[in-house]
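Asker: Below is a structure I'd like to ask you about.
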Number of protein chains: 4
Amino acid sequence: MAGNSFGNLFKITTFGESHGVALGVVIDGVPPNLSLTEDDIQKELNRRMPGQSKVTTQRKENDSCQILSGVFEGKTSGTPLTIVVFNQDQRSKDYSNIKDIFRPGHADLGFFAKYGIRDYRGGGRSSGRETLARVAAGAVAKKILKEYYNISIVAYTKGVGGIESDEFVEDFIEENIVRSASPAKAKLMEDLIIDVAQDGDSIGGLVECRIRNLMAGVGNEVFDKLDAELAKAMLSIGGVKGIEFGDGFNVRCMRGSLNNDPMRDGKMLSNHAGGILGGHSTGAEVIFRLPIKPTPSISLKQETCDVENNNVICEVKGRHDPCLCPRVVVVVEAMAAITVLDQILFLNSLKLK
Amino acid sequence: MAGNSFGNLFKITTFGESHGVALGVVIDGVPPNLSLTEDDIQKELNRRMPGQSKVTTQRKENDSCQILSGVFEGKTSGTPLTIVVFNQDQRSKDYSNIKDIFRPGHADLGFFAKYGIRDYRGGGRSSGRETLARVAAGAVAKKILKEYYNISIVAYTKGVGGIESDEFVEDFIEENIVRSASPAKAKLMEDLIIDVAQDGDSIGGLVECRIRNLMAGVGNEVFDKLDAELAKAMLSIGGVKGIEFGDGFNVRCMRGSLNNDPMRDGKMLSNHAGGILGGHSTGAEVIFRLPIKPTPSISLKQETCDVENNNVICEVKGRHDPCLCPRVVVVVEAMAAITVLDQILFLNSLKLK
Amino acid sequence: MAGNSFGNLFKITTFGESHGVALGVVIDGVPPNLSLTEDDIQKELNRRMPGQSKVTTQRKENDSCQILSGVFEGKTSGTPLTIVVFNQDQRSKDYSNIKDIFRPGHADLGFFAKYGIRDYRGGGRSSGRETLARVAAGAVAKKILKEYYNISIVAYTKGVGGIESDEFVEDFIEENIVRSASPAKAKLMEDLIIDVAQDGDSIGGLVECRIRNLMAGVGNEVFDKLDAELAKAMLSIGGVKGIEFGDGFNVRCMRGSLNNDPMRDGKMLSNHAGGILGGHSTGAEVIFRLPIKPTPSISLKQETCDVENNNVICEVKGRHDPCLCPRVVVVVEAMAAITVLDQILFLNSLKLK
Amino acid sequence: MAGNSFGNLFKITTFGESHGVALGVVIDGVPPNLSLTEDDIQKELNRRMPGQSKVTTQRKENDSCQILSGVFEGKTSGTPLTIVVFNQDQRSKDYSNIKDIFRPGHADLGFFAKYGIRDYRGGGRSSGRETLARVAAGAVAKKILKEYYNISIVAYTKGVGGIESDEFVEDFIEENIVRSASPAKAKLMEDLIIDVAQDGDSIGGLVECRIRNLMAGVGNEVFDKLDAELAKAMLSIGGVKGIEFGDGFNVRCMRGSLNNDPMRDGKMLSNHAGGILGGHSTGAEVIFRLPIKPTPSISLKQETCDVENNNVICEVKGRHDPCLCPRVVVVVEAMAAITVLDQILFLNSLKLK
């Protein structure tokens, strides 16, 4: 309700603020007897880590995770799995210039309206830094999906600015700093990001996610449809302004005879639906795309107001990601994994002996 | 979990199948002492009713609602509000030609994979007919939002096929059978729908929804972001293949300096964000758009399989909506109202005396 | 939250008021493909029915149930199972003498304080009549427990007034109108109830419940302990003023060396714990007892106040159960079954393939 | 579901094992802008601390708490409040003698049956040490209840072994190591505990809890009755084998004319009900009692089995509380506070502007 938990059976609760003592996650509902080490989690955290390349923020933070509970002698024990990352530098830096200001494009205004509080320390709870806790939980979910169901989830940067490509070379994704799947376009995307950054500005992009080997029948027929749950999971990531499955927004121009996926020999001959029909997976690859807004923190001067509605000029200092895509793909994979695993556990619950 | 409930404090549970005895909804968490009659609900149900015009299915059903509980002497009593609509013709018609067939574009395949059941009676629980229960609940939410908070919600058909318009004449929406807001384009949309129907085919469209007078600060900062909840609510409606807020998918080409909404004198000077930042409402109008897929039920012949994976030709008989938009806008408004009210009740809970 | 739902995976939501149109229950999470008819439910409702004997209220109501959804061709379909009982006589009788009065021992005062409403029609939502919806849901749970896990649940009247017995002849329970398990004492209990009724008064009692063949390991180690869930389930039944498991209140005088149950050859040699240790079932019979308060509705004159705090004399007319036990045992079994099944479904969810 | 969370709006999730790295709690739904320091929490933790007197375990642990998130500049920020206590000595001691043994009276058997795991380190997640996390959360709830609603909650040791008293001198409770409210009997209780401990045995007791100044109307009319929620809260505490409200088990011998509480001038003239009727508070003091079983860990030899069902003799070494009561009263107060606050927040949610 208060909105810091996600999932029902594989249920995560994240906590912590950007410049507080620590961030972390409690996962309730982890099946027992799974091998799990901090390395399993750290390798995903490293993919999300700031300072990893010249197209991400240059801040250097060593997001080193620690398992506080839930693992006994190298295996999950069925009890709450708690993973925590202590903030190395929790001193509130000099935020005096933005202390009472609503930074354009940020959560400051709504958070203040709701709570009457302005946690100026890098956004506090609304900071993108919160997503490291999701990535930690997602690492556990991805491991279970892979080992027990052979389900794999991959997200990548499909576009930056207007540069997009349908090329999909999966092995290339982790080989380039943009996390593009297109050897032909990756360098263009990288150059655009660097160019924009030099202007003190930021740029939006497009992320695509694919879920493979998901058996048919995962999901629900009414409210907790698989696509509905994925939509909530994705829109809960800062900077994501929408989602579309399969043909997505293009269906608004299509006829049924074209959009319906015919079947032959038990297989779908096309995948306009993006792997989900009526809220359940069809057995085809689940595909969805997310528009990622340009990072709101830019160093250009912007008009805004402070908490007393005085007009002020905002200059956001510090170094920020000029494009969110390269790091957000890791969060997308994590949230997709958590969503899918939660639904699979529900299906298991219906299996009477 | 099983997916037939939505909301936390204003919580709805819908039940019933397309050709079962009845469909209905139980609403738990209705504040007490609100005036409420069956007329309040019926008028919204009538907007969703089949057979209302030549661009909707020609089936005539009289969806007459009955309040079974929760209202005492004309006022809500704080106890579960149950609204039910009995199906007038619950005899299973002759479905022999599709009994074991997976209709393309329908939920049949996933539902069968999940439960091992093929409820061939018009889709059973997966039928769009389930949404009448949501509309009934939405009527209650809309009434509370309007009377207590002056919040209004309006959705309309922004596009049919490729025909779209930015014209927005609100009063016109209920004056035309397409529920377009564009006097200039409504007739074109209508003609396109009729043309497609005559071909035995169907057509997709685009629906936009606007939420007015929503105070700033409604929502949550992490998982239950207002946009995340709305995304889940909308994607849980059959035929909706995506969602975008504000500038939506266009942000993928935008720079931060353009996408950020500057403020002056306590007001935002633009609304690229679509009324939501960091998961909370900003006080600006909330705007989102939904691509609606073409109705999967078409009378053209289609290749598909049956439950034993034999190849068959599917011909869906009966009369179906050639375009979902004119009726789906009513469901969109209902789900938006339920989502927003639920979040407002949560904010109330935090107000200690 | 609003308190009309119980359970997580096998989740029931009851609705309806004592003198409203109907009462009923929606069960979400019913596993698919189980044979189920209205007869399965009706036979349990008949056990709870008023007017069944001279020790229950003499009102004659024919609580005939109808399945509104969730069963298709004689089997559950995995969709919400809705069962409804229409009230035959929903006219508000002449309640003028108690309309604004807080009946002693009743929910009237708290309900009014909470909602500002006095639903004088036989208690409205707070009426014991609500429990018929639980019994309907419990009938489904009991059937699943019996058929799939061979678990049986039996409750009975262990005491009335001061008359109690440790005799336990299970087959005798449904053979006597008190639902006592003691052939030696049943007639004494019956006579006491009739005597008290003739005085215009009522009498309390003691109910015991036993759950057999429950495998070890059902439950949770922290908050959702099996005994904690059963305690909530039982205290949610009107008139139940406490609960004790195994040796119960007697443990307050016991030493650990006596209270601990030793084991030999994989079996417990005693069952002081009542079948639950650390929140999980031990494999031994689960045993708990419930003190049932005397029916608050008595025809003797009582001092009380009205909603404006005027002092008044209350005379509750009509015919009421002089002792709640004979009918409450059916509700106890139902709630126990729902609780246990819900926990078993959770264990299933943890079983990865 | 997995059972490590409690509450709906003021929702706590505890984590950690007895001999793991740390134990702690995440509280979601803490209203913002409340003053809160670690001292507020520590003072309640100190009351629960082991080694505090000669009638508790002699282990010395310094349960020092740290707030990881949710407090900003000395006030709650509306974000998840995380409190953690690091275990000072997390080395697994020499448990070789009980490693594979089911200790009589302990959770070992059920936990093993459920998960196939034997966390022999002092009980792991099932250890009473988990309750420190509840006490930490309860400290926050108690503070809010006191400051905003003037509600106070006091629990005390009403009996040890057969020694009980109706004397209630509240100020005396924290003045004696048994936490008795009876100056006349406290020393007798203390002597009994010490005597039993010298025998290598343990002893049960009785705890009573009183909630003062609770306004009428808190609770729910069906499943989430105030007494039902309190029952679950209390039975979720290890060692609690039952609960009774007001006259409790004595109602089984009472007539309605005696058990009903008459009213005059808007006040109840007696409190047989224990402050709750029909699931809502009546405005009278809420009173309930809990039988506490003798500590299962005793140094006497006991017959039991190991995980392979071999018969073994169990000797539990180490120093344990000979009577749970003196420390469990602190946990009882904490769980009562959390339960009551959660219900009050729900009532707030219904208050439309």
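Labeling convention for the structure tokens: chains A, B, ... as they appear, residues from 1 per chain, ligands from 1 in order of appearance.
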Please, which residues of chain B lie no more than 10 Å from chain D when the count uses only C-alpha atoms, and can they be set out as an MDAnalysis selection string?

Answerer: chainID B and resid 8:10 29:32 78:79 144:145 148:149 220:222 342:353

Asker: For C-alpha atoms, I'd like the residues from the last selection saved as a CSV table (one decimal), in the first residue's frame.

Answerer:
```
chain,number,residue,atom,x,y,z
B,8,ASN,CA,-6.0,-2.0,-1.8
B,9,LEU,CA,-8.3,0.2,0.3
B,10,PHE,CA,-11.1,0.7,-2.3
B,29,GLY,CA,-13.7,-0.3,1.5
B,30,VAL,CA,-16.5,2.0,0.4
B,31,PRO,CA,-16.7,4.9,2.8
B,32,PRO,CA,-20.0,5.0,4.6
B,78,GLY,CA,-19.4,0.9,5.0
B,79,THR,CA,-20.0,-2.8,4.4
B,144,ILE,CA,-17.0,9.9,-4.9
B,145,LEU,CA,-14.2,11.6,-6.8
B,148,TYR,CA,-15.8,14.9,-2.6
B,149,TYR,CA,-12.8,16.1,-4.6
B,220,ASN,CA,3.8,6.7,-4.3
B,221,GLU,CA,7.5,7.1,-4.9
B,222,VAL,CA,8.6,3.5,-5.5
B,342,ASP,CA,-7.6,4.0,-4.0
B,343,GLN,CA,-4.5,6.1,-3.8
B,344,ILE,CA,-6.4,9.1,-2.3
B,345,LEU,CA,-7.8,6.8,0.5
B,346,PHE,CA,-4.2,5.8,1.2
B,347,LEU,CA,-3.1,9.4,1.6
B,348,ASN,CA,-6.0,9.9,4.0
B,349,SER,CA,-4.8,7.0,6.2
B,350,LEU,CA,-1.5,8.9,6.9
B,351,LYS,CA,-3.4,11.8,8.3
B,352,LEU,CA,-3.2,11.4,12.0
B,353,LYS,CA,-5.6,13.6,13.9
```

Asker: Please list as a count of residues only every residue within 12 Å of C:Asp224, counting only C-alpha atoms and excluding residues in the same chain fewer than 2 positions away.

Answerer: 40

Asker: Please identify all polymer residues within 9 Å of B:Leu109, counting only C-alpha atoms, omitting same-chain residues fewer than 4 positions from it, and present them as a VMD selection string.

Answerer: (chain A and resid 216 to 217 277 to 278 280 to 282) or (chain B and resid 101 to 104 113 to 114 118 307)

Asker: Just C-alpha atoms for this one: save the residues we selected as a PDB file, in the first residue's frame.

Answerer:
```pdb
ATOM      1  CA  ALA A 216       2.273 -20.859 -22.114  1.00  0.00           C
ATOM      2  CA  GLY A 217      -0.362 -20.117 -19.498  1.00  0.00           C
ATOM      3  CA  LEU A 277      -2.949 -12.954 -25.159  1.00  0.00           C
ATOM      4  CA  GLY A 278      -5.773 -12.428 -22.720  1.00  0.00           C
ATOM      5  CA  HIS A 280      -1.466 -15.226 -20.265  1.00  0.00           C
ATOM      6  CA  SER A 281       1.759 -16.071 -22.007  1.00  0.00           C
ATOM      7  CA  THR A 282       1.270 -17.909 -25.303  1.00  0.00           C
TER       8      THR A 282
ATOM      9  CA  ILE B 101     -10.458 -24.308 -31.174  1.00  0.00           C
ATOM     10  CA  PHE B 102      -7.999 -21.626 -30.114  1.00  0.00           C
ATOM     11  CA  ARG B 103      -9.505 -18.531 -31.702  1.00  0.00           C
ATOM     12  CA  PRO B 104      -6.661 -16.351 -33.038  1.00  0.00           C
ATOM     13  CA  ALA B 113      -2.503 -23.964 -20.964  1.00  0.00           C
ATOM     14  CA  LYS B 114      -3.048 -22.692 -17.429  1.00  0.00           C
ATOM     15  CA  ARG B 118     -11.606 -24.468 -22.631  1.00  0.00           C
ATOM     16  CA  VAL B 307      -6.660 -28.221 -28.240  1.00  0.00           C
TER      17      VAL B 307
END
```

Asker: Report as a ChimeraX atom specification all protein, DNA and RNA residues lying within 10 Å of D:Val328, evaluated on only C-alpha atoms, omitting residues in the same chain fewer than 5 positions from it.

Answerer: /D:47-48,128,131,155-157,179,207,237-240,292,323,333-334

Asker: Next, dump the selected residues to file, keeping only N, CA and C atoms, as a PDB file, in the first residue's frame.

Answerer:
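What follows is the written file again20.pdb:
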```
ATOM      1  N   ARG D  47      14.274  -3.153  27.506  1.00  0.00           N
ATOM      2  CA  ARG D  47      13.330  -3.880  28.358  1.00  0.00           C
ATOM      3  C   ARG D  47      13.261  -5.357  27.971  1.00  0.00           C
ATOM      4  N   ARG D  48      13.516  -5.658  26.676  1.00  0.00           N
ATOM      5  CA  ARG D  48      13.460  -7.039  26.205  1.00  0.00           C
ATOM      6  C   ARG D  48      14.813  -7.737  26.291  1.00  0.00           C
ATOM      7  N   GLY D 128      13.224 -16.984  19.536  1.00  0.00           N
ATOM      8  CA  GLY D 128      12.575 -15.859  20.194  1.00  0.00           C
ATOM      9  C   GLY D 128      13.317 -14.554  19.959  1.00  0.00           C
ATOM     10  N   THR D 131      11.904 -11.622  17.982  1.00  0.00           N
ATOM     11  CA  THR D 131      10.954 -10.648  18.527  1.00  0.00           C
ATOM     12  C   THR D 131      11.584  -9.293  18.837  1.00  0.00           C
ATOM     13  N   ALA D 155       1.389  -4.322  29.558  1.00  0.00           N
ATOM     14  CA  ALA D 155       1.279  -5.755  29.806  1.00  0.00           C
ATOM     15  C   ALA D 155       2.121  -6.089  31.031  1.00  0.00           C
ATOM     16  N   TYR D 156       1.773  -7.167  31.696  1.00  0.00           N
ATOM     17  CA  TYR D 156       2.528  -7.544  32.888  1.00  0.00           C
ATOM     18  C   TYR D 156       2.348  -9.033  33.172  1.00  0.00           C
ATOM     19  N   THR D 157       3.188  -9.546  34.033  1.00  0.00           N
ATOM     20  CA  THR D 157       3.137 -10.945  34.427  1.00  0.00           C
ATOM     21  C   THR D 157       2.072 -11.115  35.501  1.00  0.00           C
ATOM     22  N   ARG D 179       8.277  -8.456  36.444  1.00  0.00           N
ATOM     23  CA  ARG D 179       7.269  -7.582  35.829  1.00  0.00           C
ATOM     24  C   ARG D 179       5.861  -7.988  36.278  1.00  0.00           C
ATOM     25  N   VAL D 207       0.174 -13.857  31.251  1.00  0.00           N
ATOM     26  CA  VAL D 207       0.410 -12.428  30.993  1.00  0.00           C
ATOM     27  C   VAL D 207      -0.920 -11.760  30.693  1.00  0.00           C
ATOM     28  N   ILE D 237       3.380 -14.907  18.731  1.00  0.00           N
ATOM     29  CA  ILE D 237       4.533 -14.823  19.640  1.00  0.00           C
ATOM     30  C   ILE D 237       4.823 -16.215  20.183  1.00  0.00           C
ATOM     31  N   GLY D 238       6.037 -16.649  20.032  1.00  0.00           N
ATOM     32  CA  GLY D 238       6.408 -17.980  20.493  1.00  0.00           C
ATOM     33  C   GLY D 238       6.076 -18.187  21.959  1.00  0.00           C
ATOM     34  N   GLY D 239       5.520 -19.344  22.300  1.00  0.00           N
ATOM     35  CA  GLY D 239       5.234 -19.660  23.695  1.00  0.00           C
ATOM     36  C   GLY D 239       3.837 -19.293  24.129  1.00  0.00           C
ATOM     37  N   VAL D 240       3.129 -18.498  23.341  1.00  0.00           N
ATOM     38  CA  VAL D 240       1.749 -18.148  23.691  1.00  0.00           C
ATOM     39  C   VAL D 240       0.826 -19.261  23.196  1.00  0.00           C
ATOM     40  N   ILE D 292       1.350 -18.530  28.910  1.00  0.00           N
ATOM     41  CA  ILE D 292       2.708 -18.626  28.356  1.00  0.00           C
ATOM     42  C   ILE D 292       3.290 -19.976  28.752  1.00  0.00           C
ATOM     43  N   CYS D 323      11.675 -18.685  32.776  1.00  0.00           N
ATOM     44  CA  CYS D 323      10.270 -18.315  32.598  1.00  0.00           C
ATOM     45  C   CYS D 323      10.219 -17.212  31.552  1.00  0.00           C
ATOM     46  N   GLU D 333       3.215  -5.999  24.377  1.00  0.00           N
ATOM     47  CA  GLU D 333       2.885  -4.576  24.206  1.00  0.00           C
ATOM     48  C   GLU D 333       3.172  -4.110  22.785  1.00  0.00           C
ATOM     49  N   ALA D 334       4.298  -4.548  22.248  1.00  0.00           N
ATOM     50  CA  ALA D 334       4.688  -4.122  20.899  1.00  0.00           C
ATOM     51  C   ALA D 334       3.667  -4.592  19.861  1.00  0.00           C
TER      52      ALA D 334
END
```

Asker: Give me the residues near stretch 161-167 of chain B as a list of chain:residue names, where near means some atom within 10 Å (using only C-alpha atoms) and where sequence neighbours in that chain fewer than 5 positions away do not count.

Answerer: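 Using only C-alpha atoms, the neighbours found are A:Asn250, A:Val251, A:Arg252, A:Cys253, A:Met254, A:Arg255, B:Ser180, B:Ala181, B:Ser182, B:Pro183, B:Ala184, B:Lys185, B:Ala186, B:Leu188, B:Met189, B:Leu192, B:Ile193, B:Val196, B:Ser202, B:Ile203, B:Gly204, B:Gly205, B:Leu206, B:Ile292, B:Lys293, B:Pro294, B:Cys323.
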
Asker: Go through B:Thr295, B:Gln58, B:Asn310, B:Asn260 and flag the residue nearest B:Cys325, using only C-alpha atoms for the distances.

Answerer: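 For B:Cys325, the nearest of the candidates is B:Thr295.
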